[in-house]
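Below is the file work-v7.csv, which contains CSV, C-alpha atoms and all ligand atoms.
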chain,number,residue,atom,x,y,z
A,6,MET,CA,15.7,29.3,3.7
A,7,PHE,CA,13.5,26.3,2.9
A,8,LYS,CA,14.3,23.3,5.2
A,9,ASN,CA,13.2,19.7,4.5
A,10,ASP,CA,11.1,18.1,7.2
A,11,ILE,CA,12.9,14.9,8.4
A,12,LEU,CA,9.5,13.2,8.9
A,13,ASN,CA,8.7,13.4,5.2
A,14,PHE,CA,11.5,11.1,4.2
A,15,SER,CA,11.4,7.3,4.0
A,16,TYR,CA,14.3,5.6,5.8
A,17,LYS,CA,16.1,4.9,2.6
A,18,ASP,CA,15.7,8.4,1.2
A,19,LEU,CA,16.8,10.0,4.5
A,20,LYS,CA,19.9,7.9,4.6
A,21,GLU,CA,20.8,8.9,1.1
A,22,HIS,CA,19.9,12.5,1.6
A,23,LEU,CA,22.1,12.8,4.7
A,24,GLN,CA,24.9,11.0,3.1
A,25,GLU,CA,24.9,13.2,0.0
A,26,ASN,CA,24.2,16.5,1.7
A,27,LEU,CA,26.0,16.2,5.0
A,28,ASN,CA,28.3,13.3,4.4
A,29,PHE,CA,26.7,11.4,7.3
A,30,LYS,CA,27.2,7.6,7.8
A,31,THR,CA,24.1,5.3,8.1
A,32,PHE,CA,24.4,5.0,11.8
A,33,ARG,CA,23.8,8.7,12.1
A,34,THR,CA,20.4,8.3,10.4
A,35,ASP,CA,19.5,5.5,12.9
A,36,GLN,CA,20.5,7.8,15.8
A,37,ILE,CA,18.4,10.7,14.6
A,38,LEU,CA,15.4,8.5,14.0
A,39,ASP,CA,15.8,6.9,17.4
A,40,TRP,CA,15.7,10.4,19.0
A,41,ILE,CA,12.6,11.3,17.1
A,42,TYR,CA,10.5,8.1,17.1
A,43,ASN,CA,11.5,6.5,20.4
A,44,LYS,CA,12.6,9.4,22.6
A,45,HIS,CA,10.2,12.0,21.1
A,46,VAL,CA,12.9,14.7,20.8
A,47,PHE,CA,12.0,17.1,18.0
A,48,ASN,CA,14.9,19.5,18.3
A,49,PHE,CA,18.4,18.6,16.9
A,50,GLU,CA,20.2,20.5,19.6
A,51,GLU,CA,19.0,18.0,22.2
A,52,MET,CA,20.4,15.0,20.3
A,53,THR,CA,23.4,14.7,22.5
A,54,ASN,CA,25.0,11.6,21.0
A,55,LEU,CA,25.6,13.7,17.8
A,56,SER,CA,28.6,16.0,17.6
A,57,ILE,CA,27.8,19.7,17.9
A,58,ASP,CA,28.9,20.2,14.3
A,59,ALA,CA,26.4,17.5,13.2
A,60,ARG,CA,23.6,19.1,15.2
A,61,ASN,CA,24.4,22.5,13.7
A,62,LYS,CA,24.4,21.2,10.2
A,63,LEU,CA,21.0,19.4,10.8
A,64,SER,CA,19.5,22.6,12.3
A,65,GLU,CA,20.7,24.6,9.3
A,66,ASN,CA,19.2,22.3,6.7
A,67,TYR,CA,16.3,20.4,8.2
A,68,THR,CA,13.2,20.7,10.5
A,69,ILE,CA,11.1,18.2,12.4
A,70,SER,CA,7.3,18.8,12.3
A,71,ASN,CA,6.2,19.5,15.8
A,72,PRO,CA,2.8,21.1,16.0
A,73,GLU,CA,1.8,23.4,18.8
A,74,ILE,CA,-1.0,22.1,21.1
A,75,MET,CA,-3.6,24.9,21.0
A,76,ASP,CA,-6.3,23.2,23.1
A,77,ILE,CA,-7.0,19.9,24.9
A,78,GLN,CA,-10.3,18.6,26.1
A,79,LYS,CA,-10.5,15.4,28.2
A,80,SER,CA,-13.7,13.5,28.9
A,81,LYS,CA,-14.5,12.9,32.5
A,82,GLN,CA,-16.6,9.9,31.5
A,83,ASP,CA,-14.0,7.8,29.6
A,84,GLU,CA,-10.8,9.8,29.3
A,85,THR,CA,-11.3,10.4,25.6
A,86,THR,CA,-9.0,13.3,24.8
A,87,LYS,CA,-9.2,15.7,22.0
A,88,PHE,CA,-6.2,17.7,20.8
A,89,LEU,CA,-6.3,20.8,18.6
A,90,PHE,CA,-2.9,21.3,16.8
A,91,LYS,CA,-1.5,24.4,15.1
A,92,LEU,CA,0.7,23.5,12.1
A,93,ASP,CA,3.7,25.7,11.0
A,94,ASP,CA,1.5,27.9,8.7
A,95,GLY,CA,-1.1,28.4,11.4
A,96,ALA,CA,-3.5,25.8,10.1
A,97,LEU,CA,-5.6,24.0,12.7
A,98,VAL,CA,-6.2,20.2,12.8
A,99,GLU,CA,-7.7,17.9,15.4
A,100,SER,CA,-6.7,14.4,16.7
A,101,VAL,CA,-8.6,12.3,19.3
A,102,VAL,CA,-7.2,9.7,21.7
A,103,LEU,CA,-9.5,6.9,22.7
A,104,TYR,CA,-8.9,4.6,25.6
A,105,TYR,CA,-9.8,0.9,25.6
A,106,PRO,CA,-9.0,-1.7,28.3
A,107,ASN,CA,-5.9,-3.1,26.6
A,108,ARG,CA,-4.9,-0.3,24.2
A,109,ILE,CA,-5.1,3.3,23.2
A,110,ALA,CA,-6.0,4.5,19.7
A,111,ALA,CA,-5.4,7.8,18.0
A,112,CYS,CA,-7.8,9.1,15.4
A,113,ILE,CA,-5.7,11.5,13.2
A,114,SER,CA,-6.3,14.1,10.5
A,115,SER,CA,-5.0,13.9,6.9
A,116,GLN,CA,-6.2,17.2,5.5
A,117,VAL,CA,-6.7,20.7,6.8
A,118,GLY,CA,-10.5,20.8,6.6
A,119,CYS,CA,-12.3,18.7,4.0
A,120,ALA,CA,-14.0,19.4,0.6
A,121,LEU,CA,-16.6,16.6,0.8
A,122,LYS,CA,-19.3,18.4,2.8
A,123,CYS,CA,-20.9,15.3,4.4
A,124,THR,CA,-24.0,16.8,6.0
A,125,PHE,CA,-23.5,15.2,9.5
A,126,CYS,CA,-19.9,16.5,9.8
A,127,ASN,CA,-18.6,19.6,11.4
A,128,THR,CA,-15.3,19.5,9.4
A,129,GLY,CA,-17.2,19.4,6.1
A,130,LYS,CA,-18.9,22.7,7.1
A,131,LEU,CA,-15.5,24.3,7.7
A,132,GLY,CA,-14.4,23.7,4.1
A,133,PHE,CA,-11.0,22.6,2.6
A,134,GLN,CA,-7.7,24.4,3.2
A,135,ARG,CA,-4.9,22.1,2.1
A,136,ASN,CA,-3.5,18.6,2.2
A,137,MET,CA,-1.3,17.8,5.1
A,138,THR,CA,2.3,16.6,4.4
A,139,GLY,CA,3.3,13.1,5.5
A,140,GLY,CA,5.4,14.6,8.2
A,141,GLU,CA,2.6,16.7,9.6
A,142,ILE,CA,0.4,13.5,9.7
A,143,ILE,CA,3.0,11.6,11.6
A,144,SER,CA,3.8,14.5,13.9
A,145,GLN,CA,0.2,14.2,15.4
A,146,VAL,CA,1.1,10.7,16.7
A,147,LEU,CA,4.5,11.7,18.0
A,148,THR,CA,3.3,14.9,19.7
A,149,ILE,CA,0.5,13.0,21.4
A,150,GLU,CA,2.8,10.3,22.6
A,151,LYS,CA,5.2,12.8,24.0
A,152,TYR,CA,2.4,14.7,25.8
A,153,LEU,CA,0.9,11.5,27.2
A,154,ASP,CA,4.3,9.9,27.8
A,155,ARG,CA,2.7,6.7,26.4
A,156,ARG,CA,2.9,4.8,23.1
A,157,ILE,CA,-0.2,4.7,20.9
A,158,ASN,CA,-1.2,1.2,19.9
A,159,ASN,CA,-3.6,1.9,17.1
A,160,ILE,CA,-3.9,4.6,14.5
A,161,VAL,CA,-7.0,5.4,12.5
A,162,TYR,CA,-7.1,7.9,9.6
A,163,MET,CA,-10.5,9.1,10.5
A,164,GLY,CA,-9.9,12.7,11.7
A,165,MET,CA,-10.3,15.7,9.5
A,166,GLY,CA,-10.2,15.2,5.7
A,167,GLU,CA,-10.5,12.4,3.3
A,168,PRO,CA,-7.3,10.4,3.4
A,169,LEU,CA,-7.6,8.9,-0.1
A,170,LEU,CA,-7.7,12.4,-1.6
A,171,ASN,CA,-4.3,13.0,-0.1
A,172,TYR,CA,-3.2,9.5,-1.2
A,173,ASP,CA,0.6,9.9,-1.6
A,174,ASN,CA,1.2,11.7,1.7
A,175,VAL,CA,-1.1,9.4,3.6
A,176,VAL,CA,0.7,6.3,2.2
A,177,ASN,CA,4.1,7.8,2.9
A,178,SER,CA,3.1,8.4,6.5
A,179,ILE,CA,1.8,4.9,6.9
A,180,LEU,CA,5.0,3.4,5.5
A,181,ASN,CA,7.1,5.5,7.9
A,182,LEU,CA,4.9,4.7,10.9
A,183,ASN,CA,5.2,1.0,10.0
A,184,ASP,CA,9.0,1.0,9.2
A,185,LYS,CA,11.0,-0.9,11.8
A,186,LYS,CA,13.7,1.8,11.8
A,187,MET,CA,11.0,4.5,12.4
A,188,ARG,CA,7.8,4.2,14.5
A,189,ASN,CA,7.6,0.4,14.0
A,190,LEU,CA,3.8,0.2,14.4
A,191,GLY,CA,2.4,-3.1,13.0
A,192,ALA,CA,0.4,-2.5,9.8
A,193,ARG,CA,-2.6,-4.3,11.2
A,194,HIS,CA,-2.8,-1.6,13.9
A,195,ILE,CA,-3.3,1.1,11.2
A,196,THR,CA,-6.8,1.7,9.6
A,197,ILE,CA,-7.7,4.0,6.7
A,198,SER,CA,-11.2,5.2,6.9
A,199,THR,CA,-12.6,6.6,3.6
A,200,SER,CA,-15.9,8.2,2.5
A,201,GLY,CA,-15.7,5.9,-0.6
A,202,ILE,CA,-13.2,7.1,-3.2
A,203,ALA,CA,-13.7,4.0,-5.3
A,204,ASP,CA,-10.6,4.2,-7.6
A,205,LYS,CA,-8.3,4.9,-4.7
A,206,ILE,CA,-9.7,1.9,-2.7
A,207,GLU,CA,-8.7,-0.3,-5.6
A,208,GLU,CA,-5.3,1.3,-5.7
A,209,LEU,CA,-4.9,0.7,-2.0
A,210,GLY,CA,-5.3,-3.0,-2.6
A,211,ASN,CA,-2.0,-2.9,-4.5
A,212,LEU,CA,-0.1,-1.8,-1.4
A,213,ASP,CA,2.3,-4.4,-0.1
A,214,ILE,CA,1.3,-3.7,3.5
A,215,GLU,CA,-1.5,-5.2,5.6
A,216,ILE,CA,-3.4,-2.2,6.8
A,217,ARG,CA,-7.1,-2.3,7.5
A,218,LEU,CA,-9.8,-0.6,5.4
A,219,SER,CA,-12.9,1.0,6.8
A,220,VAL,CA,-15.6,2.5,4.5
A,221,SER,CA,-18.1,5.1,5.6
A,222,LEU,CA,-21.2,3.7,4.0
A,223,HIS,CA,-23.9,5.2,6.2
A,224,ALA,CA,-26.8,4.4,3.9
A,225,PRO,CA,-27.9,1.4,1.8
A,226,THR,CA,-29.3,3.3,-1.2
A,227,ASN,CA,-28.1,6.0,-3.5
A,228,TYR,CA,-31.2,8.1,-2.7
A,229,GLN,CA,-30.3,8.2,1.0
A,230,ARG,CA,-26.5,8.3,0.6
A,231,ASP,CA,-26.7,11.3,-1.8
A,232,GLN,CA,-28.4,13.3,0.9
A,233,LEU,CA,-25.7,12.5,3.5
A,234,MET,CA,-22.6,12.4,1.4
A,235,PRO,CA,-22.3,14.4,-1.8
A,236,ILE,CA,-19.3,12.3,-2.9
A,237,ASN,CA,-21.9,9.5,-3.6
A,238,THR,CA,-23.0,11.3,-6.8
A,239,LYS,CA,-19.4,10.7,-8.1
A,240,TYR,CA,-19.0,7.2,-6.7
A,241,PRO,CA,-22.5,5.7,-6.2
A,242,VAL,CA,-22.9,2.7,-3.9
A,243,GLU,CA,-22.7,0.1,-6.7
A,244,GLU,CA,-19.3,1.4,-7.8
A,245,LEU,CA,-18.2,1.7,-4.2
A,246,MET,CA,-19.1,-1.9,-3.4
A,247,GLN,CA,-17.4,-3.1,-6.6
A,248,ALA,CA,-14.2,-1.3,-5.5
A,249,CYS,CA,-14.5,-3.1,-2.1
A,250,GLU,CA,-14.8,-6.4,-3.9
A,251,ILE,CA,-11.7,-5.7,-6.0
A,252,TYR,CA,-9.9,-4.6,-2.9
A,253,GLN,CA,-10.9,-7.9,-1.2
A,254,GLU,CA,-9.8,-10.0,-4.1
A,255,LYS,CA,-6.4,-8.3,-4.1
A,256,THR,CA,-5.8,-8.4,-0.3
A,257,ASN,CA,-8.1,-11.1,1.0
A,258,LYS,CA,-8.9,-8.8,3.9
A,259,ARG,CA,-12.2,-8.0,5.6
A,260,VAL,CA,-13.7,-4.6,5.0
A,261,THR,CA,-15.3,-2.7,7.8
A,262,PHE,CA,-18.4,-0.6,7.0
A,263,GLU,CA,-19.2,2.3,9.2
A,264,TYR,CA,-22.9,3.1,9.5
A,265,ILE,CA,-23.9,6.3,11.2
A,266,ALA,CA,-27.4,5.6,12.5
A,267,ILE,CA,-29.9,8.5,12.2
A,268,LYS,CA,-33.3,8.4,13.7
A,269,GLY,CA,-36.0,8.1,11.1
A,270,PHE,CA,-33.6,8.3,8.2
A,271,ASN,CA,-31.6,5.0,7.9
A,272,ASP,CA,-32.5,3.0,11.0
A,273,SER,CA,-35.6,1.0,9.8
A,274,LYS,CA,-35.9,-2.8,9.4
A,275,GLU,CA,-36.1,-2.2,5.6
A,276,ASP,CA,-32.9,-0.2,5.7
A,277,ALA,CA,-31.2,-3.1,7.5
A,278,ILE,CA,-32.5,-5.6,4.9
A,279,LYS,CA,-31.2,-3.4,2.1
A,280,LEU,CA,-27.9,-3.2,3.8
A,281,THR,CA,-27.5,-7.0,4.0
A,282,GLU,CA,-28.4,-7.2,0.3
A,283,LEU,CA,-25.8,-4.6,-0.6
A,284,ILE,CA,-23.0,-6.2,1.4
A,285,GLY,CA,-23.9,-9.7,0.0
A,286,ASN,CA,-21.1,-12.1,0.4
A,287,LEU,CA,-18.3,-9.6,1.0
A,288,LYS,CA,-16.2,-10.5,4.0
A,289,SER,CA,-17.1,-7.6,6.2
A,290,MET,CA,-17.9,-6.2,9.6
A,291,VAL,CA,-20.4,-3.4,10.2
A,292,ASN,CA,-19.9,-0.8,12.9
A,293,ILE,CA,-23.1,1.0,13.8
A,294,ILE,CA,-22.5,4.4,15.2
A,295,PRO,CA,-25.3,6.5,16.8
A,296,VAL,CA,-24.9,9.9,15.2
A,297,ASN,CA,-22.7,12.4,17.0
A,298,PRO,CA,-23.8,16.0,17.6
A,299,ASN,CA,-23.9,17.4,14.0
A,300,PRO,CA,-24.6,20.6,12.0
A,301,ALA,CA,-27.7,19.1,10.3
A,302,GLY,CA,-29.4,18.4,13.7
A,303,TYR,CA,-29.8,14.6,13.0
A,304,GLU,CA,-30.8,12.6,16.1
A,305,LYS,CA,-29.7,9.2,17.5
A,306,PRO,CA,-32.2,6.3,17.2
A,307,LYS,CA,-33.3,4.6,20.4
A,308,ARG,CA,-31.1,1.8,21.6
A,309,GLU,CA,-33.8,-0.8,21.0
A,310,TYR,CA,-34.0,0.3,17.3
A,311,LEU,CA,-30.2,-0.1,17.0
A,312,MET,CA,-30.4,-3.6,18.6
A,313,LYS,CA,-33.1,-4.7,16.1
A,314,PHE,CA,-31.1,-3.3,13.2
A,315,ALA,CA,-28.0,-5.0,14.3
A,316,ASN,CA,-29.8,-8.4,14.8
A,317,ILE,CA,-31.1,-8.3,11.2
A,318,LEU,CA,-27.5,-8.0,10.0
A,319,ARG,CA,-26.2,-10.7,12.4
A,320,ASP,CA,-29.0,-13.1,11.3
A,321,LYS,CA,-27.5,-12.8,7.8
A,322,GLY,CA,-24.1,-13.7,9.1
A,323,ILE,CA,-22.6,-10.2,9.1
A,324,ASP,CA,-20.4,-9.4,12.1
A,325,THR,CA,-22.0,-6.3,13.6
A,326,VAL,CA,-21.1,-4.1,16.5
A,327,ILE,CA,-22.9,-1.1,18.0
A,328,ARG,CA,-20.0,1.1,18.8
A,329,ALA,CA,-19.9,2.5,22.3
A,330,GLU,CA,-20.1,6.2,22.4
A,331,LYS,CA,-17.1,8.0,23.6
A,332,GLY,CA,-16.3,11.5,24.7
A,333,THR,CA,-19.9,12.7,24.7
A,334,ASP,CA,-19.1,15.4,27.3
A,335,ILE,CA,-16.4,17.0,25.1
A,336,ASP,CA,-16.3,18.2,21.5
A,337,ALA,CA,-15.1,14.8,20.3
A,338,ALA,CA,-16.9,14.7,17.0
A,339,CYS,CA,-14.8,15.6,14.0
A,340,GLY,CA,-14.4,19.3,13.4
A,341,GLN,CA,-16.2,20.4,16.6
A,342,LEU,CA,-13.2,21.7,18.5
A,343,LYS,CA,-11.6,23.5,15.6
A,344,GLY,CA,-15.1,25.0,14.8
A,345,LYS,CA,-15.0,26.6,18.3
A,346,HIS,CA,-11.6,28.2,17.5
A,347,VAL,CA,-12.3,29.6,14.0
A,348,ASN,CA,-15.9,30.9,14.5
A,401,LIG,S1,-17.1,13.0,7.3
A,401,LIG,FE1,-14.9,12.9,6.6
A,401,LIG,S2,-15.1,13.0,4.3
A,401,LIG,FE2,-17.1,13.7,5.1
A,401,LIG,S3,-16.9,16.0,5.3
A,401,LIG,FE3,-16.3,15.1,7.3
A,401,LIG,S4,-14.0,14.8,7.2
A,401,LIG,FE4,-14.8,15.1,5.1
As structure tokens - that is how I would like this structure written.
Ligand code: SF4
Amino acid sequence: MFKNDILNFSYKDLKEHLQENLNFKTFRTDQILDWIYNKHVFNFEEMTNLSIDARNKLSENYTISNPEIMDIQKSKQDETTKFLFKLDDGALVESVVLYYPNRIAACISSQVGCALKCTFCNTGKLGFQRNMTGGEIISQVLTIEKYLDRRINNIVYMGMGEPLLNYDNVVNSILNLNDKKMRNLGARHITISTSGIADKIEELGNLDIEIRLSVSLHAPTNYQRDQLMPINTKYPVEELMQACEIYQEKTNKRVTFEYIAIKGFNDSKEDAIKLTELIGNLKSMVNIIPVNPNPAGYEKPKREYLMKFANILRDKGIDTVIRAEKGTDIDAACGQLKGKHVN
């Protein structure tokens, strides 16, 4: 029998659903959500402040997404931890936990695989299987928290998949993670990272919630970006930047641009100047990321090249960070760990 996943419901919808189907009062909904989001209990039988009859009815009619942990790799250098999860239908997805001095962040997946075939990405090479449900997206966070016995402070939709191509489920998961009655994670602690789905970036600007937007730019010209990210032929850089401007007009929020630096491809002084021209007056920040191990065999630029590149951007008033590399001794790059299990 088909059972609804509790994690797919908004607070209001769950309250109404449980009222209509099981004749539960509102406080029951609050109790169930407290077990799931605060106590990390994913089994109705263990919800001991509910009557046995209520627990039985819940088990008969509902499930709670709770993926199996198939593999874990932990970096000896910086504790970066990669999880491989098996979803109910056997599909595999990855999440990564990153440790910072004052917080921990989880990088989570939004699709099983990805259709966009970015040349530097292991997930792109594995192909697209399906969208994840909102509940499956949330369950990555809750399962990690239970395993670590620690709350996650920041969530980044930068794992497997393109979040804006699974727009409705991703937005539902964000609203639930943010809801005070559910995970109660501040919206400013949630970042969506996109390869540049221009029309959806504009739509994201209509959301009444202050999440952060990060755009994987990676190259300053169409000629270069076409070679890295085939999606650029659909949404070329001019259209992408225009969508970012519209997003900023609607939200007044800074946009982060991710820039994977590749030796001899997009790391020259000319590339940096073109990038400053492209960004123009947009309120932004640029994250320069030395390229991870990748299927195309791209190499990292030398540190001094990255410093020069960053300084050209800074001289034009663009906030620029060279991101510290994490988890280099494990398969931390997107799609690497899953690749090991499906090949
Ligand atoms: S980088 Fe992101 S959008 Fe590109 S193929 Fe990989 S998962 Fe998909």
Determine, using all atoms listed in the file, which residues of chain A have any atom at most 8 Å from an atom of ligand LIG 401 (chain A), and tabulate each with its shortest atom pair and distance in Å to one decimal place, rows ordered by chain and then rising number, as a tab-separated table.
residue	atom	partner	partner_atom	distance
A:Gly118	CA	A:LIG401	S4	7.0
A:Cys119	CA	A:LIG401	FE4	4.5
A:Ala120	CA	A:LIG401	FE4	6.3
A:Leu121	CA	A:LIG401	S3	4.5
A:Lys122	CA	A:LIG401	S3	4.2
A:Cys123	CA	A:LIG401	S3	4.2
A:Thr124	CA	A:LIG401	S3	7.2
A:Phe125	CA	A:LIG401	S1	7.1
A:Cys126	CA	A:LIG401	FE3	4.6
A:Asn127	CA	A:LIG401	FE3	6.5
A:Thr128	CA	A:LIG401	FE3	5.0
A:Gly129	CA	A:LIG401	S3	3.5
A:Lys130	CA	A:LIG401	S3	7.2
A:Met163	CA	A:LIG401	FE1	7.0
A:Gly164	CA	A:LIG401	S4	6.4
A:Met165	CA	A:LIG401	S4	4.4
A:Gly166	CA	A:LIG401	S4	4.1
A:Glu167	CA	A:LIG401	S2	4.7
A:Thr199	CA	A:LIG401	S2	6.9
A:Ser200	CA	A:LIG401	S2	5.2
A:Met234	CA	A:LIG401	FE2	6.8
A:Cys339	CA	A:LIG401	FE3	6.9
A:Gly340	CA	A:LIG401	FE3	7.6
What is the CA of Ser144 in chain A to CA of Leu169 in chain A distance in Å?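 The value is 18.9 Å.
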Could you pull the residues within 9 Å of Lys81 in chain A, counting all atoms listed in the file, minus those fewer than 2 positions along the same chain, as a PyMOL selection string? chain A and resi 79+83-85+332+334-335
Nearest to Asn171 in chain A: which of A:Ala192, A:Ile197, A:Met246, A:Val220 is it, counting only C-alpha atoms?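 That would be A:Ile197, the residue with the smallest distance to Asn171 in chain A.
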Name the residues in contact with Ile216 in chain A at a cut-off of 7 Å, using only C-alpha atoms, excluding same-chain residues fewer than 4 positions from it; report them as JSON, numbers by chain. {"A": [192, 193, 195, 196]}
Rounded to one decimal in Å, what is the spacing between CA of Leu89 in chain A and CA of Thr68 in chain A?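 Taking CA of Leu89 in chain A and CA of Thr68 in chain A, their separation equals 21.1 Å.
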In terms of the shortest atom-to-atom distance over all atoms listed in the file, which of A:Ile179, A:Leu147, A:Ile267, A:Ile327 is closest to Asn43 in chain A?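 Answer, going by the shortest atom-to-atom distance: A:Leu147.
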Separation of CA of Lys331 in chain A and CA of Pro298 in chain A, in Å?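 Separation between CA of Lys331 in chain A and CA of Pro298 in chain A: 12.0 Å.
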Counting all atoms listed in the file, which residue out of A:Lys239, A:Lys91, A:His194, A:Lys186 sits closest to Met137 in chain A?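 Looking at the shortest contact to Met137 in chain A, the residue is A:Lys91.
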Pick from A:Leu97, A:Val326, A:Met187, A:Ile293, whichever lies nearest to Thr34 in chain A using only C-alpha atoms: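 Checking each candidate against Thr34 in chain A, we get A:Met187 as the closest.
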Could you name the residues that touch Thr138 in chain A at 9 Å or less, counting only C-alpha atoms, but leaving out those on the same chain fewer than 4 positions away, as a PyMOL selection string? chain A and resi 13+115-116+142-143+171+174-175+178
Show me the residues close to (6.5, 6.7, 20.8) - anything with an atom within 12 Å, counting only C-alpha atoms - and format the list as number ranges by chain. A: 38-46, 143-159, 182, 187-190
Taking 3 positions as the minimum chain separation for residues in the same chain, which residues sit within 10 Å of Ile284 in chain A when counting all atoms listed in the file? Answer as an NGL selection string. :A and (225 or 246 or 249-250 or 262 or 279-281 or 287-291 or 318 or 323)
Pick from A:Asn211, A:Asn299, A:Ser198, A:Asn54: nearest to Val260 in chain A, with all atoms listed in the file counted? A:Ser198
Distance criterion (only C-alpha atoms): nearest to Val102 in chain A out of A:Lys87, A:His22, A:Lys17, A:Arg319: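 Ranking A:Lys87, A:His22, A:Lys17, A:Arg319 by distance to Val102 in chain A, first place goes to A:Lys87.
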Write out as an MDAnalysis selection string the residues lying within 9 Å of Ile37 in chain A, counting only C-alpha atoms and excluding same-chain residues fewer than 4 positions away. chainID A and resid 32:33 41:42 49 52 55
Nearby residues, (-38.5, 3.6, 13.0) file frame, 12 Å, only C-alpha atoms, as a ChimeraX atom specification: /A:266-277,305-311,313-314
Filled-in N, CA and C atoms of range 280-292 of chain A, supplied as an mmCIF file, in the frame of the given file:
data_model
loop_
_atom_site.group_PDB
_atom_site.id
_atom_site.type_symbol
_atom_site.label_atom_id
_atom_site.label_comp_id
_atom_site.auth_asym_id
_atom_site.auth_seq_id
_atom_site.Cartn_x
_atom_site.Cartn_y
_atom_site.Cartn_z
ATOM 1 N N LEU A 280 -29.306 -3.164 3.491
ATOM 2 C CA LEU A 280 -27.900 -3.200 3.800
ATOM 3 C C LEU A 280 -27.282 -4.573 3.650
ATOM 4 N N THR A 281 -28.024 -5.574 4.142
ATOM 5 C CA THR A 281 -27.500 -7.000 4.000
ATOM 6 C C THR A 281 -27.421 -7.342 2.533
ATOM 7 N N GLU A 282 -28.385 -6.868 1.731
ATOM 8 C CA GLU A 282 -28.400 -7.200 0.300
ATOM 9 C C GLU A 282 -27.165 -6.531 -0.386
ATOM 10 N N LEU A 283 -26.908 -5.301 0.024
ATOM 11 C CA LEU A 283 -25.800 -4.600 -0.600
ATOM 12 C C LEU A 283 -24.461 -5.205 -0.254
ATOM 13 N N ILE A 284 -24.304 -5.626 0.986
ATOM 14 C CA ILE A 284 -23.000 -6.200 1.400
ATOM 15 C C ILE A 284 -22.861 -7.619 0.816
ATOM 16 N N GLY A 285 -23.973 -8.327 0.674
ATOM 17 C CA GLY A 285 -23.900 -9.700 0.000
ATOM 18 C C GLY A 285 -22.918 -10.558 0.712
ATOM 19 N N ASN A 286 -22.033 -11.155 -0.107
ATOM 20 C CA ASN A 286 -21.100 -12.100 0.400
ATOM 21 C C ASN A 286 -19.707 -11.547 0.743
ATOM 22 N N LEU A 287 -19.607 -10.237 0.678
ATOM 23 C CA LEU A 287 -18.300 -9.600 1.000
ATOM 24 C C LEU A 287 -17.921 -9.919 2.432
ATOM 25 N N LYS A 288 -16.667 -10.312 2.649
ATOM 26 C CA LYS A 288 -16.200 -10.500 4.000
ATOM 27 C C LYS A 288 -16.131 -9.174 4.706
ATOM 28 N N SER A 289 -16.963 -8.979 5.712
ATOM 29 C CA SER A 289 -17.100 -7.600 6.200
ATOM 30 C C SER A 289 -17.450 -7.593 7.703
ATOM 31 N N MET A 290 -17.377 -6.420 8.251
ATOM 32 C CA MET A 290 -17.900 -6.200 9.600
ATOM 33 C C MET A 290 -18.611 -4.824 9.513
ATOM 34 N N VAL A 291 -19.703 -4.696 10.247
ATOM 35 C CA VAL A 291 -20.400 -3.400 10.200
ATOM 36 C C VAL A 291 -20.358 -2.809 11.645
ATOM 37 N N ASN A 292 -19.942 -1.561 11.678
ATOM 38 C CA ASN A 292 -19.900 -0.800 12.900
ATOM 39 C C ASN A 292 -21.070 0.186 12.887
#
